[in-house]
file protein.txt (compact mmCIF, C-alpha atoms)
# COMPACT_ATOMS: atom_id res chain seq x y z
CA GLY W 1065 30.62 -53.31 56.54
CA GLU W 1066 28.99 -50.42 54.79
CA ASP W 1067 25.92 -49.08 56.54
CA VAL W 1068 23.69 -46.01 56.45
CA GLU W 1069 21.55 -45.05 59.43
CA GLN W 1070 18.70 -42.60 59.79
CA SER W 1071 15.86 -42.01 62.20
CA LEU W 1072 12.57 -43.57 61.14
CA PHE W 1073 10.30 -40.61 61.88
CA LEU W 1074 10.43 -36.83 62.12
CA SER W 1075 7.46 -34.63 63.02
CA VAL W 1076 7.51 -30.87 62.39
CA ARG W 1077 5.01 -28.05 62.28
CA GLU W 1078 4.05 -26.54 58.96
CA GLY W 1079 6.26 -23.52 58.31
CA ASP W 1080 9.11 -24.73 60.51
CA SER W 1081 12.39 -26.13 59.22
CA SER W 1082 12.87 -29.88 59.01
CA VAL W 1083 16.29 -31.41 59.55
CA ILE W 1084 16.74 -35.05 58.56
CA ASN W 1085 19.97 -36.67 59.65
CA CYS W 1086 21.97 -39.57 58.32
CA THR W 1087 25.22 -41.28 59.25
CA TYR W 1088 27.26 -43.43 56.93
CA THR W 1089 30.31 -45.63 57.29
CA ASP W 1090 32.22 -45.67 54.00
CA SER W 1091 34.71 -42.79 54.13
CA SER W 1092 35.60 -43.38 50.48
CA SER W 1093 32.08 -42.51 49.26
CA THR W 1094 32.30 -39.99 46.46
CA TYR W 1095 28.65 -39.01 46.33
CA LEU W 1096 25.88 -38.93 48.90
CA TYR W 1097 22.26 -38.68 47.89
CA TRP W 1098 18.85 -37.73 49.21
CA TYR W 1099 15.87 -39.39 47.58
CA LYS W 1100 12.21 -38.60 48.28
CA GLN W 1101 9.35 -41.09 48.15
CA GLU W 1102 5.86 -39.62 48.16
CA PRO W 1103 2.92 -41.83 49.15
CA GLY W 1104 2.15 -44.41 46.48
CA ALA W 1105 5.07 -43.42 44.30
CA GLY W 1106 8.60 -44.48 43.46
CA LEU W 1107 11.69 -42.76 44.77
CA GLN W 1108 13.01 -39.65 43.06
CA LEU W 1109 16.34 -37.94 43.44
CA LEU W 1110 16.00 -34.81 45.53
CA THR W 1111 19.58 -33.66 45.72
CA TYR W 1112 23.12 -34.95 46.06
CA ILE W 1113 26.47 -33.72 47.31
CA PHE W 1114 29.98 -34.53 46.20
CA SER W 1115 32.26 -35.66 48.98
CA ASN W 1116 34.65 -32.69 48.64
CA MET W 1117 31.84 -30.25 49.45
CA ASP W 1118 30.64 -29.20 52.89
CA MET W 1119 27.35 -27.67 51.88
CA LYS W 1120 24.98 -27.47 48.95
CA GLN W 1121 21.92 -25.25 48.76
CA ASP W 1122 19.07 -25.53 46.31
CA GLN W 1123 16.08 -23.30 46.99
CA ARG W 1124 14.48 -24.57 50.23
CA LEU W 1125 16.91 -27.48 50.52
CA THR W 1126 20.28 -27.34 52.26
CA VAL W 1127 22.57 -30.35 52.46
CA LEU W 1128 25.38 -30.35 55.03
CA LEU W 1129 28.20 -32.88 54.98
CA ASN W 1130 30.57 -33.50 57.87
CA LYS W 1131 33.12 -35.97 56.53
CA LYS W 1132 34.99 -36.23 59.81
CA ASP W 1133 31.89 -37.48 61.60
CA LYS W 1134 30.45 -39.18 58.47
CA HIS W 1135 27.26 -37.22 59.01
CA LEU W 1136 24.91 -35.94 56.34
CA SER W 1137 21.85 -33.78 56.90
CA LEU W 1138 19.02 -32.43 54.80
CA ARG W 1139 17.34 -29.23 55.89
CA ILE W 1140 14.00 -28.25 54.38
CA ALA W 1141 13.11 -24.64 55.07
CA ASP W 1142 9.49 -23.52 55.50
CA THR W 1143 8.17 -27.08 55.50
CA GLN W 1144 4.90 -27.51 53.63
CA THR W 1145 2.29 -30.28 53.61
CA GLY W 1146 3.59 -31.30 50.20
CA ASP W 1147 6.90 -32.20 51.82
CA SER W 1148 5.23 -35.14 53.58
CA ALA W 1149 7.17 -38.13 52.32
CA ILE W 1150 9.82 -40.65 53.20
CA TYR W 1151 13.35 -39.33 52.72
CA PHE W 1152 16.13 -41.80 51.97
CA CYS W 1153 19.80 -41.13 52.44
CA ALA W 1154 22.18 -43.15 50.24
CA GLU W 1155 25.92 -43.33 49.79
CA GLN W 1156 27.80 -44.60 46.78
CA GLY W 1157 29.70 -47.58 48.11
CA SER W 1158 33.05 -49.01 47.09
CA ASN W 1159 31.49 -51.16 44.36
CA TYR W 1160 29.59 -48.16 42.96
CA GLN W 1161 26.31 -49.52 44.29
CA LEU W 1162 24.11 -47.33 46.44
CA ILE W 1163 23.91 -48.16 50.13
CA TRP W 1164 20.52 -47.05 51.41
CA GLY W 1165 19.27 -45.91 54.77
CA ALA W 1166 15.93 -47.17 56.05
CA GLY W 1167 14.21 -43.87 55.26
CA THR W 1168 12.84 -41.10 57.50
CA LYS W 1169 9.13 -40.47 57.36
CA LEU W 1170 8.48 -36.73 57.59
CA ILE W 1171 5.16 -35.91 59.25
CA ILE W 1172 3.82 -32.37 58.99
CA LYS W 1173 1.62 -31.05 61.78
CA PRO W 1174 -0.76 -28.20 60.92
CA ASP S 203 6.90 -39.20 35.30
CA SER S 204 10.31 -40.84 35.59
CA GLY S 205 10.10 -42.57 32.22
CA VAL S 206 10.39 -46.02 33.83
CA THR S 207 7.37 -48.25 33.33
CA GLN S 208 6.51 -51.20 35.52
CA THR S 209 3.74 -53.73 35.04
CA PRO S 210 1.58 -54.90 36.64
CA LYS S 211 0.92 -52.23 39.25
CA HIS S 212 -0.85 -54.66 41.55
CA LEU S 213 -0.75 -58.43 41.73
CA ILE S 214 -2.47 -60.81 44.13
CA THR S 215 -1.53 -64.46 44.10
CA ALA S 216 -1.32 -67.52 46.30
CA THR S 217 1.58 -69.15 48.09
CA GLY S 218 3.56 -71.53 45.91
CA GLN S 219 2.76 -69.65 42.72
CA ARG S 220 5.12 -67.92 40.29
CA VAL S 221 4.86 -64.37 38.95
CA THR S 222 6.76 -62.21 36.50
CA LEU S 223 7.23 -58.47 36.94
CA ARG S 224 8.16 -56.38 33.95
CA CYS S 225 10.17 -53.17 33.66
CA SER S 226 10.86 -50.85 30.74
CA PRO S 227 13.72 -48.48 31.52
CA ARG S 228 13.99 -44.86 30.41
CA SER S 229 14.89 -44.49 26.78
CA GLY S 230 18.66 -44.80 26.43
CA ASP S 231 19.33 -46.12 29.94
CA LEU S 232 21.46 -49.25 29.90
CA SER S 233 21.23 -50.22 33.58
CA VAL S 234 18.24 -51.72 35.31
CA TYR S 235 18.03 -52.28 39.06
CA TRP S 236 15.46 -54.26 41.01
CA TYR S 237 14.58 -53.40 44.61
CA GLN S 238 12.21 -54.89 47.14
CA GLN S 239 10.52 -52.58 49.66
CA SER S 240 8.73 -54.07 52.63
CA LEU S 241 7.61 -52.57 55.91
CA ASP S 242 10.00 -54.57 58.06
CA GLN S 243 13.07 -54.63 55.82
CA GLY S 244 13.05 -51.25 54.13
CA LEU S 245 14.54 -50.90 50.65
CA GLN S 246 16.56 -53.97 49.65
CA PHE S 247 18.69 -54.09 46.52
CA LEU S 248 18.09 -57.32 44.61
CA ILE S 249 20.03 -57.23 41.35
CA GLN S 250 21.40 -54.98 38.62
CA TYR S 251 21.76 -55.57 34.90
CA TYR S 252 23.82 -53.49 32.53
CA ASN S 253 23.31 -53.82 28.79
CA GLY S 254 22.02 -57.35 29.10
CA GLU S 255 24.61 -58.65 31.56
CA GLU S 256 24.29 -59.14 35.29
CA ARG S 257 26.38 -56.38 36.95
CA ALA S 258 25.73 -56.74 40.67
CA LYS S 259 23.80 -58.96 42.99
CA GLY S 260 22.29 -58.01 46.31
CA ASN S 261 19.98 -59.83 48.69
CA ILE S 262 18.18 -61.80 46.00
CA LEU S 263 16.73 -65.16 47.01
CA GLU S 264 17.44 -68.26 44.95
CA ARG S 265 13.70 -68.48 44.22
CA PHE S 266 13.98 -65.16 42.40
CA SER S 267 15.65 -64.58 39.06
CA ALA S 268 15.89 -61.74 36.60
CA GLN S 269 17.07 -61.01 33.12
CA GLN S 270 17.51 -58.09 30.79
CA PHE S 271 16.58 -58.52 27.16
CA PRO S 272 18.24 -57.10 24.01
CA ASP S 273 15.69 -54.28 23.92
CA LEU S 274 16.83 -53.47 27.51
CA HIS S 275 13.56 -54.23 29.22
CA SER S 276 13.88 -56.47 32.24
CA GLU S 277 11.81 -59.09 34.00
CA LEU S 278 11.93 -60.26 37.59
CA ASN S 279 10.65 -63.77 38.15
CA LEU S 280 9.49 -64.77 41.62
CA SER S 281 8.71 -68.44 42.19
CA SER S 282 7.49 -70.68 45.03
CA LEU S 283 6.01 -67.57 46.56
CA GLU S 284 5.73 -67.23 50.32
CA LEU S 285 3.68 -64.85 52.44
CA GLY S 286 6.86 -62.95 53.26
CA ASP S 287 7.40 -62.10 49.61
CA SER S 288 4.52 -59.65 49.78
CA ALA S 289 6.13 -56.29 49.10
CA LEU S 290 6.52 -53.44 46.68
CA TYR S 291 9.01 -54.27 43.93
CA PHE S 292 10.69 -51.32 42.27
CA CYS S 293 12.62 -51.14 39.08
CA ALA S 294 15.05 -48.29 38.51
CA SER S 295 17.20 -47.37 35.56
CA SER S 296 20.28 -45.27 34.99
CA PRO S 297 22.36 -44.34 31.96
CA SER S 298 25.57 -45.93 33.21
CA GLY S 299 26.74 -49.04 35.00
CA GLY S 300 27.80 -47.24 38.15
CA ALA S 301 25.29 -45.96 40.65
CA GLY S 302 24.36 -42.36 40.53
CA GLU S 303 21.01 -40.87 39.78
CA LEU S 304 18.50 -43.68 39.59
CA PHE S 305 15.12 -43.21 37.98
CA PHE S 306 12.47 -45.30 39.71
CA GLY S 307 9.26 -46.73 38.39
CA GLU S 308 6.08 -46.58 40.45
CA GLY S 309 6.49 -50.14 41.60
CA SER S 310 4.59 -53.40 41.43
CA ARG S 311 2.74 -54.27 44.61
CA LEU S 312 2.70 -58.01 45.18
CA THR S 313 0.36 -59.57 47.69
CA VAL S 314 0.77 -63.26 48.44
CA LEU S 315 -2.21 -64.86 50.22

call {"tool": "encode", "arguments": {"input": "protein.txt", "output": "structure tokens"}}
result
Amino acid sequence: GEDVEQSLFLSVREGDSSVINCTYTDSSSTYLYWYKQEPGAGLQLLTYIFSNMDMKQDQRLTVLLNKKDKHLSLRIADTQTGDSAIYFCAEQGSNYQLIWGAGTKLIIKP
Amino acid sequence: DSGVTQTPKHLITATGQRVTLRCSPRSGDLSVYWYQQSLDQGLQFLIQYYNGEERAKGNILERFSAQQFPDLHSELNLSSLELGDSALYFCASSPSGGAGELFFGEGSRLTVL
């Protein structure tokens, strides 16, 4: 069935780049999403990529998509303390519903 | 501020009780989604309504039910509550019936004692 997998934790030093990885199973997904959940808040859309793209860049964020390996990554350059959050990867499944990963908690070390 | 309003923010109740969670979607959004977030199960999709009609069903227990009213607000009813129902319940809305950008509320934290 459809499934999205991501590591549960990532720890990086302030100022370094963070790379959060995700694998998905539905090769027919048209869109893949990254959502961010800050402590005590709901999720908010961070960025998304259309399946015919390999890369999308938006300021400090870079999304890479490898369709062959069904691998999606989110790179955050110059990671700041304000980037501490849980990052969810999601794919748009065959029934147009979002299939969610378990979320990766990004921990920033000073 | 996402524009999605959920009430109450916090709720403490006892096992066996029934509660109702309320959600007002963003102005103009026709779809409402309900999610449950717990520590051990992550983010679980419960149910989606589109313009008053049930559109999709996820891992929603039979003890739970939802509806969307003509003014597009939605309610999630949880009955015969168990300790394991303690979780954060999120409502999200979107303009269309298909998934895409979802706008999440801040959640209702339910604690069952």

call {"tool": "interface_residues", "arguments": {"input": "protein.txt", "of": "chain S", "to": "chain W", "cutoff": "12 Å", "atoms": "only C-alpha atoms", "output": "ChimeraX atom specification"}}
result
/S:203-208,211-212,233,235,237-250,257-260,290-296,298-311

call {"tool": "residues_near_point", "arguments": {"input": "protein.txt", "point": "(-0.5, -54.8, 51.3)", "cutoff": "8 Å", "atoms": "only C-alpha atoms", "output": "PyMOL selection string"}}
result
chain S and resi 288-289+311-313

call {"tool": "atom_distance", "arguments": {"input": "protein.txt", "atom1": "atom CA of Lys1134 of chain W", "atom2": "atom CA of Gly1079 of chain W"}}
result
28.8 Å

call {"tool": "residues_around", "arguments": {"input": "protein.txt", "residues": "Lys1169 of chain W", "least_positions_apart": "4", "cutoff": "8 Å", "atoms": "all atoms listed in the file", "output": "PyMOL selection string"}}
result
chain W and resi 1072-1074+1148-1151

call {"tool": "residues_around", "arguments": {"input": "protein.txt", "residues": "Thr215 of chain S", "least_positions_apart": "5", "cutoff": "10 Å", "atoms": "only C-alpha atoms", "output": "PyMOL selection string"}}
result
chain S and resi 220-221+283-285+288+312-315

call {"tool": "residues_near_point", "arguments": {"input": "protein.txt", "point": "(16.4, -60.9, 32.1)", "cutoff": "10 Å", "atoms": "only C-alpha atoms", "output": "list in words"}}
result
Arg224, Val234, Tyr251, Gly254, Glu255, Glu256, Ser267, Ala268, Gln269, Gln270, Phe271, Pro272, Leu274, His275, Ser276, Glu277, Leu278 and Asn279 of chain S

call {"tool": "decode", "arguments": {"input": "protein.txt", "residues": "segment 1119-1168 of chain W", "atoms": "N, CA and C atoms", "output": "CSV table (one decimal), in the first residue's frame"}}
result
chain,number,residue,atom,x,y,z
W,1119,MET,N,14.1,19.6,-8.7
W,1119,MET,CA,14.5,20.5,-7.6
W,1119,MET,C,13.7,21.8,-7.6
W,1120,LYS,N,13.5,22.3,-6.4
W,1120,LYS,CA,12.8,23.5,-6.2
W,1120,LYS,C,13.6,24.3,-5.1
W,1121,GLN,N,13.9,25.5,-5.3
W,1121,GLN,CA,14.6,26.3,-4.3
W,1121,GLN,C,13.7,27.5,-3.9
W,1122,ASP,N,13.7,27.8,-2.6
W,1122,ASP,CA,13.0,28.9,-2.1
W,1122,ASP,C,13.7,29.5,-0.9
W,1123,GLN,N,14.5,30.5,-1.1
W,1123,GLN,CA,15.3,31.1,-0.1
W,1123,GLN,C,16.2,30.1,0.5
W,1124,ARG,N,16.1,29.8,1.8
W,1124,ARG,CA,17.0,28.8,2.5
W,1124,ARG,C,16.6,27.4,2.3
W,1125,LEU,N,15.4,27.2,1.6
W,1125,LEU,CA,14.9,25.8,1.4
W,1125,LEU,C,15.2,25.3,0.0
W,1126,THR,N,15.7,24.1,0.0
W,1126,THR,CA,15.9,23.4,-1.3
W,1126,THR,C,15.2,22.0,-1.2
W,1127,VAL,N,14.3,21.7,-2.1
W,1127,VAL,CA,13.7,20.4,-2.2
W,1127,VAL,C,14.3,19.7,-3.4
W,1128,LEU,N,14.7,18.4,-3.1
W,1128,LEU,CA,15.2,17.5,-4.2
W,1128,LEU,C,14.3,16.3,-4.3
W,1129,LEU,N,14.0,16.0,-5.5
W,1129,LEU,CA,13.1,14.8,-5.8
W,1129,LEU,C,13.8,13.9,-6.7
W,1130,ASN,N,14.0,12.6,-6.3
W,1130,ASN,CA,14.5,11.6,-7.1
W,1130,ASN,C,13.4,10.6,-7.3
W,1131,LYS,N,12.7,10.7,-8.5
W,1131,LYS,CA,11.6,9.8,-8.8
W,1131,LYS,C,11.9,8.4,-8.9
W,1132,LYS,N,13.1,8.1,-9.5
W,1132,LYS,CA,13.5,6.7,-9.7
W,1132,LYS,C,13.6,6.0,-8.3
W,1133,ASP,N,14.2,6.7,-7.3
W,1133,ASP,CA,14.3,6.0,-6.0
W,1133,ASP,C,13.2,6.4,-5.1
W,1134,LYS,N,12.2,7.2,-5.6
W,1134,LYS,CA,11.1,7.6,-4.7
W,1134,LYS,C,11.6,8.3,-3.4
W,1135,HIS,N,12.5,9.2,-3.6
W,1135,HIS,CA,13.2,9.8,-2.5
W,1135,HIS,C,13.0,11.4,-2.6
W,1136,LEU,N,12.6,11.9,-1.5
W,1136,LEU,CA,12.4,13.4,-1.4
W,1136,LEU,C,13.2,13.9,-0.2
W,1137,SER,N,13.9,15.0,-0.4
W,1137,SER,CA,14.6,15.6,0.7
W,1137,SER,C,14.4,17.1,0.8
W,1138,LEU,N,14.5,17.6,2.0
W,1138,LEU,CA,14.4,19.0,2.3
W,1138,LEU,C,15.7,19.5,2.9
W,1139,ARG,N,16.3,20.5,2.3
W,1139,ARG,CA,17.5,21.0,2.8
W,1139,ARG,C,17.3,22.4,3.3
W,1140,ILE,N,17.6,22.7,4.6
W,1140,ILE,CA,17.5,24.0,5.2
W,1140,ILE,C,18.9,24.5,5.4
W,1141,ALA,N,19.2,25.6,4.6
W,1141,ALA,CA,20.6,26.2,4.8
W,1141,ALA,C,20.6,27.1,6.0
W,1142,ASP,N,21.9,27.2,6.6
W,1142,ASP,CA,22.1,28.1,7.7
W,1142,ASP,C,21.0,27.9,8.8
W,1143,THR,N,20.9,26.7,9.3
W,1143,THR,CA,19.8,26.4,10.2
W,1143,THR,C,19.8,27.3,11.5
W,1144,GLN,N,18.7,27.8,11.8
W,1144,GLN,CA,18.5,28.7,12.9
W,1144,GLN,C,17.7,28.1,14.0
W,1145,THR,N,17.7,28.6,15.2
W,1145,THR,CA,16.9,28.1,16.3
W,1145,THR,C,15.5,28.1,16.0
W,1146,GLY,N,15.0,29.1,15.2
W,1146,GLY,CA,13.6,29.2,14.8
W,1146,GLY,C,13.2,28.0,13.9
W,1147,ASP,N,14.1,27.3,13.4
W,1147,ASP,CA,13.8,26.2,12.5
W,1147,ASP,C,13.5,24.9,13.3
W,1148,SER,N,13.6,25.0,14.6
W,1148,SER,CA,13.3,23.8,15.5
W,1148,SER,C,11.8,23.5,15.3
W,1149,ALA,N,11.5,22.4,14.9
W,1149,ALA,CA,10.1,22.0,14.6
W,1149,ALA,C,10.0,20.5,14.2
W,1150,ILE,N,8.8,20.1,14.0
W,1150,ILE,CA,8.7,18.7,13.3
W,1150,ILE,C,8.3,19.0,11.9
W,1151,TYR,N,9.0,18.3,11.0
W,1151,TYR,CA,8.8,18.4,9.6
W,1151,TYR,C,8.2,17.2,9.0
W,1152,PHE,N,7.0,17.3,8.4
W,1152,PHE,CA,6.3,16.2,7.8
W,1152,PHE,C,6.4,16.2,6.3
W,1153,CYS,N,6.7,15.1,5.8
W,1153,CYS,CA,6.6,14.8,4.3
W,1153,CYS,C,5.3,14.2,4.0
W,1154,ALA,N,4.7,14.6,2.9
W,1154,ALA,CA,3.4,14.0,2.5
W,1154,ALA,C,3.3,13.9,1.0
W,1155,GLU,N,2.7,12.8,0.5
W,1155,GLU,CA,2.5,12.7,-0.9
W,1155,GLU,C,1.0,12.6,-1.2
W,1156,GLN,N,0.7,13.1,-2.4
W,1156,GLN,CA,-0.7,13.1,-2.8
W,1156,GLN,C,-1.0,11.7,-3.4
W,1157,GLY,N,-1.8,10.9,-2.7
W,1157,GLY,CA,-2.1,9.5,-3.1
W,1157,GLY,C,-3.0,9.4,-4.2
W,1158,SER,N,-3.3,8.2,-4.6
W,1158,SER,CA,-4.1,7.9,-5.8
W,1158,SER,C,-5.6,8.4,-5.6
W,1159,ASN,N,-6.1,8.5,-4.4
W,1159,ASN,CA,-7.4,9.0,-4.1
W,1159,ASN,C,-7.4,10.5,-3.8
W,1160,TYR,N,-6.3,11.2,-4.1
W,1160,TYR,CA,-6.1,12.6,-3.8
W,1160,TYR,C,-6.0,13.0,-2.4
W,1161,GLN,N,-6.0,12.0,-1.5
W,1161,GLN,CA,-5.7,12.2,-0.1
W,1161,GLN,C,-4.2,12.3,0.1
W,1162,LEU,N,-3.8,13.0,1.2
W,1162,LEU,CA,-2.4,13.1,1.5
W,1162,LEU,C,-2.0,11.9,2.4
W,1163,ILE,N,-0.9,11.3,2.0
W,1163,ILE,CA,-0.3,10.2,2.8
W,1163,ILE,C,0.8,10.8,3.5
W,1164,TRP,N,0.8,10.7,4.9
W,1164,TRP,CA,1.8,11.5,5.7
W,1164,TRP,C,2.9,10.6,6.2
W,1165,GLY,N,4.1,11.1,6.3
W,1165,GLY,CA,5.1,10.5,7.1
W,1165,GLY,C,4.9,10.7,8.6
W,1166,ALA,N,5.7,10.1,9.4
W,1166,ALA,CA,5.6,10.2,10.9
W,1166,ALA,C,6.1,11.5,11.4
W,1167,GLY,N,6.9,12.3,10.6
W,1167,GLY,CA,7.5,13.5,11.0
W,1167,GLY,C,8.9,13.4,11.5
W,1168,THR,N,9.7,14.3,11.2
W,1168,THR,CA,11.1,14.4,11.7
W,1168,THR,C,11.3,15.6,12.6
